[in-house]
>>> print(open('model.tsv').read())   # TSV, C-alpha atoms
chain	number	residue	atom	x	y	z
B	1	MET	CA	7.85	-46.66	-10.59
B	2	THR	CA	8.88	-43.20	-11.67
B	3	THR	CA	8.66	-40.14	-9.55
B	4	SER	CA	8.01	-36.71	-10.83
B	5	PRO	CA	10.86	-34.29	-10.40
B	6	THR	CA	10.62	-31.96	-7.48
B	7	PRO	CA	10.31	-28.30	-8.32
B	8	ASP	CA	13.60	-26.47	-8.54
B	9	LYS	CA	13.84	-24.36	-5.39
B	10	SER	CA	17.20	-22.87	-6.26
B	11	PRO	CA	17.92	-19.20	-5.68
B	12	ARG	CA	18.03	-18.80	-9.49
B	13	THR	CA	14.37	-19.81	-9.75
B	14	ASP	CA	13.45	-17.49	-6.92
B	15	ARG	CA	15.24	-14.61	-8.63
B	16	ARG	CA	13.37	-15.27	-11.89
B	17	VAL	CA	10.06	-15.24	-10.07
B	18	LEU	CA	10.99	-12.04	-8.26
B	19	ARG	CA	12.12	-10.39	-11.52
B	20	THR	CA	8.88	-11.36	-13.26
B	21	ARG	CA	6.72	-10.08	-10.44
B	22	GLU	CA	8.73	-6.88	-10.23
B	23	ALA	CA	8.34	-6.37	-13.98
B	24	LEU	CA	4.58	-6.88	-13.68
B	25	ARG	CA	4.30	-4.44	-10.77
B	26	GLY	CA	6.33	-1.87	-12.68
B	27	ALA	CA	4.10	-2.37	-15.71
B	28	LEU	CA	0.98	-1.95	-13.59
B	29	LEU	CA	2.19	1.28	-12.01
B	30	GLY	CA	3.38	2.72	-15.31
B	31	LEU	CA	0.10	1.91	-17.05
B	32	MET	CA	-1.92	3.35	-14.17
B	33	VAL	CA	-0.10	6.65	-14.61
B	34	GLU	CA	-0.60	6.61	-18.39
B	35	ARG	CA	-4.09	5.16	-18.79
B	36	GLY	CA	-5.84	4.76	-15.47
B	37	TRP	CA	-6.97	1.53	-13.80
B	38	ASP	CA	-10.00	0.71	-15.95
B	39	ALA	CA	-8.05	0.94	-19.22
B	40	ILE	CA	-5.47	-1.65	-18.14
B	41	ASP	CA	-5.90	-5.19	-19.43
B	42	ILE	CA	-3.80	-8.33	-19.10
B	43	GLN	CA	-2.40	-8.02	-22.62
B	44	SER	CA	-1.09	-4.50	-22.02
B	45	LEU	CA	0.47	-5.62	-18.73
B	46	CYS	CA	2.20	-8.53	-20.48
B	47	GLU	CA	3.45	-6.34	-23.31
B	48	ARG	CA	4.82	-3.73	-20.91
B	49	ALA	CA	6.48	-6.37	-18.70
B	50	ASN	CA	7.74	-8.27	-21.76
B	51	ILE	CA	6.22	-11.59	-20.68
B	52	GLY	CA	3.66	-13.99	-22.13
B	53	ARG	CA	0.07	-14.26	-20.94
B	54	SER	CA	0.68	-17.77	-19.61
B	55	THR	CA	3.52	-16.41	-17.47
B	56	PHE	CA	1.22	-13.73	-16.10
B	57	TYR	CA	-1.35	-16.35	-15.10
B	58	LEU	CA	1.33	-18.44	-13.38
B	59	HIS	CA	1.80	-15.54	-10.98
B	60	PHE	CA	-1.60	-13.82	-10.75
B	61	PRO	CA	-5.15	-14.80	-11.74
B	62	ASN	CA	-6.08	-11.20	-12.65
B	63	LYS	CA	-4.95	-7.59	-12.42
B	64	GLU	CA	-6.77	-7.14	-9.10
B	65	GLU	CA	-4.54	-9.73	-7.44
B	66	LEU	CA	-1.48	-8.05	-8.97
B	67	LEU	CA	-2.59	-4.79	-7.36
B	68	LYS	CA	-3.18	-6.52	-4.02
B	69	GLY	CA	0.30	-8.03	-4.24
B	70	SER	CA	1.78	-4.59	-4.88
B	71	PHE	CA	-0.05	-3.20	-1.87
B	72	GLY	CA	1.13	-6.20	0.16
B	73	ASP	CA	4.73	-5.32	-0.71
B	74	LEU	CA	4.11	-1.73	0.34
B	75	ARG	CA	2.59	-2.91	3.62
B	76	THR	CA	5.62	-5.10	4.34
B	77	ALA	CA	8.07	-2.29	3.56
B	78	LEU	CA	6.18	0.20	5.74
B	79	ARG	CA	5.86	-2.30	8.58
B	80	ASP	CA	9.59	-3.07	8.45
B	81	GLN	CA	10.48	0.61	8.40
B	82	ALA	CA	8.10	1.34	11.28
B	83	LYS	CA	9.82	-1.33	13.41
B	84	GLN	CA	13.16	0.40	12.88
B	85	THR	CA	11.87	3.90	13.58
B	86	ALA	CA	9.61	3.65	16.59
B	87	PRO	CA	7.32	6.65	17.05
B	88	GLU	CA	8.48	9.43	19.30
B	89	SER	CA	5.42	9.05	21.51
B	90	PRO	CA	2.39	6.77	21.94
B	91	ASP	CA	0.18	9.33	20.23
B	92	GLN	CA	1.79	8.69	16.83
B	93	LEU	CA	1.52	5.91	14.27
B	94	ALA	CA	4.97	4.65	13.32
B	95	PHE	CA	4.24	3.89	9.65
B	96	VAL	CA	2.94	7.36	8.75
B	97	GLY	CA	6.29	9.09	8.16
B	98	GLY	CA	7.52	6.34	5.84
B	99	LEU	CA	4.24	6.30	3.94
B	100	ILE	CA	4.18	10.06	3.43
B	101	GLU	CA	7.79	10.06	2.24
B	102	HIS	CA	7.00	7.18	-0.16
B	103	VAL	CA	3.95	9.02	-1.52
B	104	HIS	CA	6.11	12.12	-1.99
B	105	GLN	CA	8.77	10.16	-3.91
B	106	GLN	CA	6.14	8.41	-6.06
B	107	GLN	CA	3.80	11.36	-6.64
B	108	LEU	CA	2.86	10.44	-10.21
B	109	VAL	CA	1.89	6.92	-9.22
B	110	PHE	CA	-0.12	8.02	-6.19
B	111	ARG	CA	-1.86	10.78	-8.13
B	112	ALA	CA	-2.94	8.09	-10.59
B	113	MET	CA	-4.00	5.76	-7.76
B	114	LEU	CA	-5.94	8.31	-5.77
B	115	GLY	CA	-7.24	10.45	-8.63
B	116	ARG	CA	-10.42	10.14	-10.68
B	117	ARG	CA	-8.93	7.76	-13.27
B	118	SER	CA	-8.08	5.11	-10.70
B	119	GLY	CA	-11.63	4.06	-9.97
B	120	HIS	CA	-13.14	2.97	-6.71
B	121	TYR	CA	-11.44	-0.43	-6.70
B	122	VAL	CA	-7.92	0.99	-6.36
B	123	GLN	CA	-8.96	3.65	-3.87
B	124	ASP	CA	-10.84	1.13	-1.73
B	125	ARG	CA	-7.85	-1.25	-1.65
B	126	PHE	CA	-5.52	1.60	-0.65
B	127	ARG	CA	-7.91	2.76	2.09
B	128	GLU	CA	-8.09	-0.84	3.37
B	129	LEU	CA	-4.29	-0.95	3.45
B	130	LEU	CA	-4.20	2.19	5.60
B	131	VAL	CA	-6.84	0.85	7.99
B	132	ASP	CA	-4.91	-2.44	8.30
B	133	LEU	CA	-1.69	-0.57	9.08
B	134	VAL	CA	-3.46	1.41	11.80
B	135	GLU	CA	-4.92	-1.85	13.20
B	136	GLU	CA	-1.47	-3.44	13.29
B	137	GLU	CA	-0.20	-0.64	15.52
B	138	ARG	CA	-2.84	-1.29	18.15
B	139	PRO	CA	-1.06	-2.10	21.42
B	140	VAL	CA	-0.47	-5.78	22.14
B	141	GLY	CA	-3.26	-7.16	24.27
B	142	ALA	CA	-5.68	-4.40	23.32
B	143	ARG	CA	-9.30	-5.42	22.99
B	144	ARG	CA	-10.67	-5.99	19.51
B	145	SER	CA	-13.93	-4.12	20.03
B	146	TRP	CA	-16.20	-2.35	17.59
B	147	HIS	CA	-14.87	0.92	19.01
B	148	ALA	CA	-11.27	0.00	18.20
B	149	HIS	CA	-12.22	-0.99	14.65
B	150	ALA	CA	-14.16	2.25	14.22
B	151	VAL	CA	-11.12	4.25	15.36
B	152	SER	CA	-8.87	2.38	12.90
B	153	ASN	CA	-11.29	3.11	10.07
B	154	TYR	CA	-11.55	6.75	11.13
B	155	LEU	CA	-7.78	7.25	11.22
B	156	GLY	CA	-7.16	5.28	8.02
B	157	GLY	CA	-9.87	7.26	6.25
B	158	ALA	CA	-8.51	10.56	7.55
B	159	LEU	CA	-5.01	9.69	6.34
B	160	PHE	CA	-6.42	8.66	2.95
B	161	GLN	CA	-8.24	11.99	2.59
B	162	LEU	CA	-5.23	14.00	3.73
B	163	LEU	CA	-2.98	12.27	1.16
B	164	THR	CA	-5.57	12.78	-1.57
B	165	TRP	CA	-5.85	16.47	-0.72
B	166	TRP	CA	-2.07	16.86	-0.53
B	167	LEU	CA	-1.49	15.32	-3.95
B	168	GLY	CA	-4.07	17.62	-5.51
B	169	ALA	CA	-3.04	20.82	-3.72
B	170	SER	CA	-1.92	23.68	-5.94
B	171	ARG	CA	0.87	24.52	-3.50
B	172	PRO	CA	1.84	21.20	-1.94
B	173	GLN	CA	3.48	21.22	1.46
B	174	ARG	CA	6.63	19.32	2.36
B	175	PRO	CA	6.23	15.72	3.60
B	176	GLN	CA	7.32	16.72	7.11
B	177	GLU	CA	4.52	19.29	7.30
B	178	ILE	CA	1.91	16.73	6.24
B	179	GLU	CA	3.21	14.20	8.76
B	180	ALA	CA	3.14	16.80	11.55
B	181	LEU	CA	-0.39	17.82	10.59
B	182	PHE	CA	-1.64	14.23	10.61
B	183	HIS	CA	-0.07	13.57	14.02
B	184	GLU	CA	-1.56	16.80	15.37
B	185	LEU	CA	-5.04	15.91	14.12
B	186	SER	CA	-4.90	12.24	15.12
B	187	ARG	CA	-3.27	12.72	18.55
B	188	PRO	CA	-6.51	13.22	20.57
B	189	VAL	CA	-8.14	10.19	18.93
B	190	LEU	CA	-5.12	7.95	19.47
B	191	LEU	CA	-4.62	8.98	23.09
B	192	ARG	CA	-8.28	8.50	23.95
B	193	SER	CA	-8.48	5.22	22.08
B	194	ARG	CA	-5.34	3.78	23.67
B	195	ALA	CA	-6.35	4.93	27.14
B	196	GLY	CA	-9.70	3.17	26.78
B	197	GLN	CA	-8.19	-0.12	25.65
>>> encode(input="model.tsv", output="structure tokens")
Amino acid sequence: MTTSPTPDKSPRTDRRVLRTREALRGALLGLMVERGWDAIDIQSLCERANIGRSTFYLHFPNKEELLKGSFGDLRTALRDQAKQTAPESPDQLAFVGGLIEHVHQQQLVFRAMLGRRSGHYVQDRFRELLVDLVEEERPVGARRSWHAHAVSNYLGGALFQLLTWWLGASRPQRPQEIEALFHELSRPVLLRSRAGQ
């Protein structure tokens, strides 16, 4: 009786997978800036990442899942950063400063993602990411009521709109000013929401 070989779980294999996925994410972001979401196809992603189509499909079934994976990486990075830099007070969301700084550093990408050429799919996934990040900062033991979900959607939507406005402003403000403005505007909602939970 023969047994099939077990998959190679060596660090070398993991690094290859990581490099391939990183190349695909870089290709996706670059093409979004150049062409917009709707004009991106699998072939152009593969050409930009210098991989074959079969390799693409080993990692992702479609470009939508590639985008979700990219947003998942962003979520993880923001969550990790938020854990290290706890908010100054309970009326602030810890991930907001890191997100705003990231958007500032990657302005071209975020203009492409939040602008007209990105399409509703990309904008909806980004808005969902923001709502999820707000939800994750709900205090431990807080009730999961319709009110709490409505507040998370309200704050995530407000942050989405503020970022969209900021990226399109003719005289953009510094990241610190945008963060301070968001905290100022969201403070009453957060305090009331957390007091009622």
>>> residues_near_point(input="model.tsv", point="(-4.9, 5.1, -4.5)", cutoff="6 Å", atoms="all atoms listed in the file", output="PyMOL selection string")
chain B and resi 110+113-114+122-123+126
>>> residues_around(input="model.tsv", residues="Ser54 in chain B", least_positions_apart="6", cutoff="12 Å", atoms="only C-alpha atoms", output="list in words")
Ile42, Gln43, Cys46, Phe60, Pro61 and Asn62 of chain B
>>> closest_residue(input="model.tsv", among="B:Gly52, B:Pro175, B:Pro139, B:Gly156", to="Arg125 in chain B", atoms="only C-alpha atoms")
B:Gly156
>>> residues_around(input="model.tsv", residues="range 97-106 of chain B", least_positions_apart="6", cutoff="7 Å", atoms="all atoms listed in the file", output="PDB file with C-alpha atoms, in the frame of the given file")
ATOM      1  CA  LEU B  78       6.180   0.200   5.740  1.00  0.00           C
ATOM      2  CA  GLN B  81      10.480   0.610   8.400  1.00  0.00           C
ATOM      3  CA  PRO B 175       6.230  15.720   3.600  1.00  0.00           C
ATOM      4  CA  GLU B 179       3.210  14.200   8.760  1.00  0.00           C
TER       5      GLU B 179
END
>>> closest_residue(input="model.tsv", among="B:Thr20, B:Asn50, B:Gln161, B:Thr85", to="Leu66 in chain B", atoms="all atoms listed in the file")
B:Thr20
>>> residues_near_point(input="model.tsv", point="(-1.3, 14.9, 9.9)", cutoff="10 Å", atoms="only C-alpha atoms", output="PDB file with C-alpha atoms, in the frame of the given file")
ATOM      1  CA  GLN B  92       1.790   8.690  16.830  1.00  0.00           C
ATOM      2  CA  VAL B  96       2.940   7.360   8.750  1.00  0.00           C
ATOM      3  CA  GLY B  97       6.290   9.090   8.160  1.00  0.00           C
ATOM      4  CA  ILE B 100       4.180  10.060   3.430  1.00  0.00           C
ATOM      5  CA  ALA B 158      -8.510  10.560   7.550  1.00  0.00           C
ATOM      6  CA  LEU B 159      -5.010   9.690   6.340  1.00  0.00           C
ATOM      7  CA  LEU B 162      -5.230  14.000   3.730  1.00  0.00           C
ATOM      8  CA  LEU B 163      -2.980  12.270   1.160  1.00  0.00           C
ATOM      9  CA  PRO B 175       6.230  15.720   3.600  1.00  0.00           C
ATOM     10  CA  GLN B 176       7.320  16.720   7.110  1.00  0.00           C
ATOM     11  CA  GLU B 177       4.520  19.290   7.300  1.00  0.00           C
ATOM     12  CA  ILE B 178       1.910  16.730   6.240  1.00  0.00           C
ATOM     13  CA  GLU B 179       3.210  14.200   8.760  1.00  0.00           C
ATOM     14  CA  ALA B 180       3.140  16.800  11.550  1.00  0.00           C
ATOM     15  CA  LEU B 181      -0.390  17.820  10.590  1.00  0.00           C
ATOM     16  CA  PHE B 182      -1.640  14.230  10.610  1.00  0.00           C
ATOM     17  CA  HIS B 183      -0.070  13.570  14.020  1.00  0.00           C
ATOM     18  CA  GLU B 184      -1.560  16.800  15.370  1.00  0.00           C
ATOM     19  CA  LEU B 185      -5.040  15.910  14.120  1.00  0.00           C
ATOM     20  CA  SER B 186      -4.900  12.240  15.120  1.00  0.00           C
ATOM     21  CA  ARG B 187      -3.270  12.720  18.550  1.00  0.00           C
TER      22      ARG B 187
END
>>> closest_residue(input="model.tsv", among="B:Arg25, B:Arg171, B:Arg127, B:His147", to="Ser70 in chain B", atoms="only C-alpha atoms")
B:Arg25
>>> residues_around(input="model.tsv", residues="Lys83 in chain B", least_positions_apart="3", cutoff="12 Å", atoms="all atoms listed in the file", output="list in words")
Thr76, Ala77, Leu78, Arg79, Asp80, Ala86, Pro87, Leu93, Ala94, Phe95, Gly98, Glu136 and Glu137 of chain B
>>> atom_distance(input="model.tsv", atom1="CA of Trp166 in chain B", atom2="CA of Arg111 in chain B")
9.7 Å
>>> atom_distance(input="model.tsv", atom1="CA of Val151 in chain B", atom2="CA of Arg192 in chain B")
10.0 Å
>>> atom_distance(input="model.tsv", atom1="CA of Val134 in chain B", atom2="CA of Asn153 in chain B")
8.2 Å
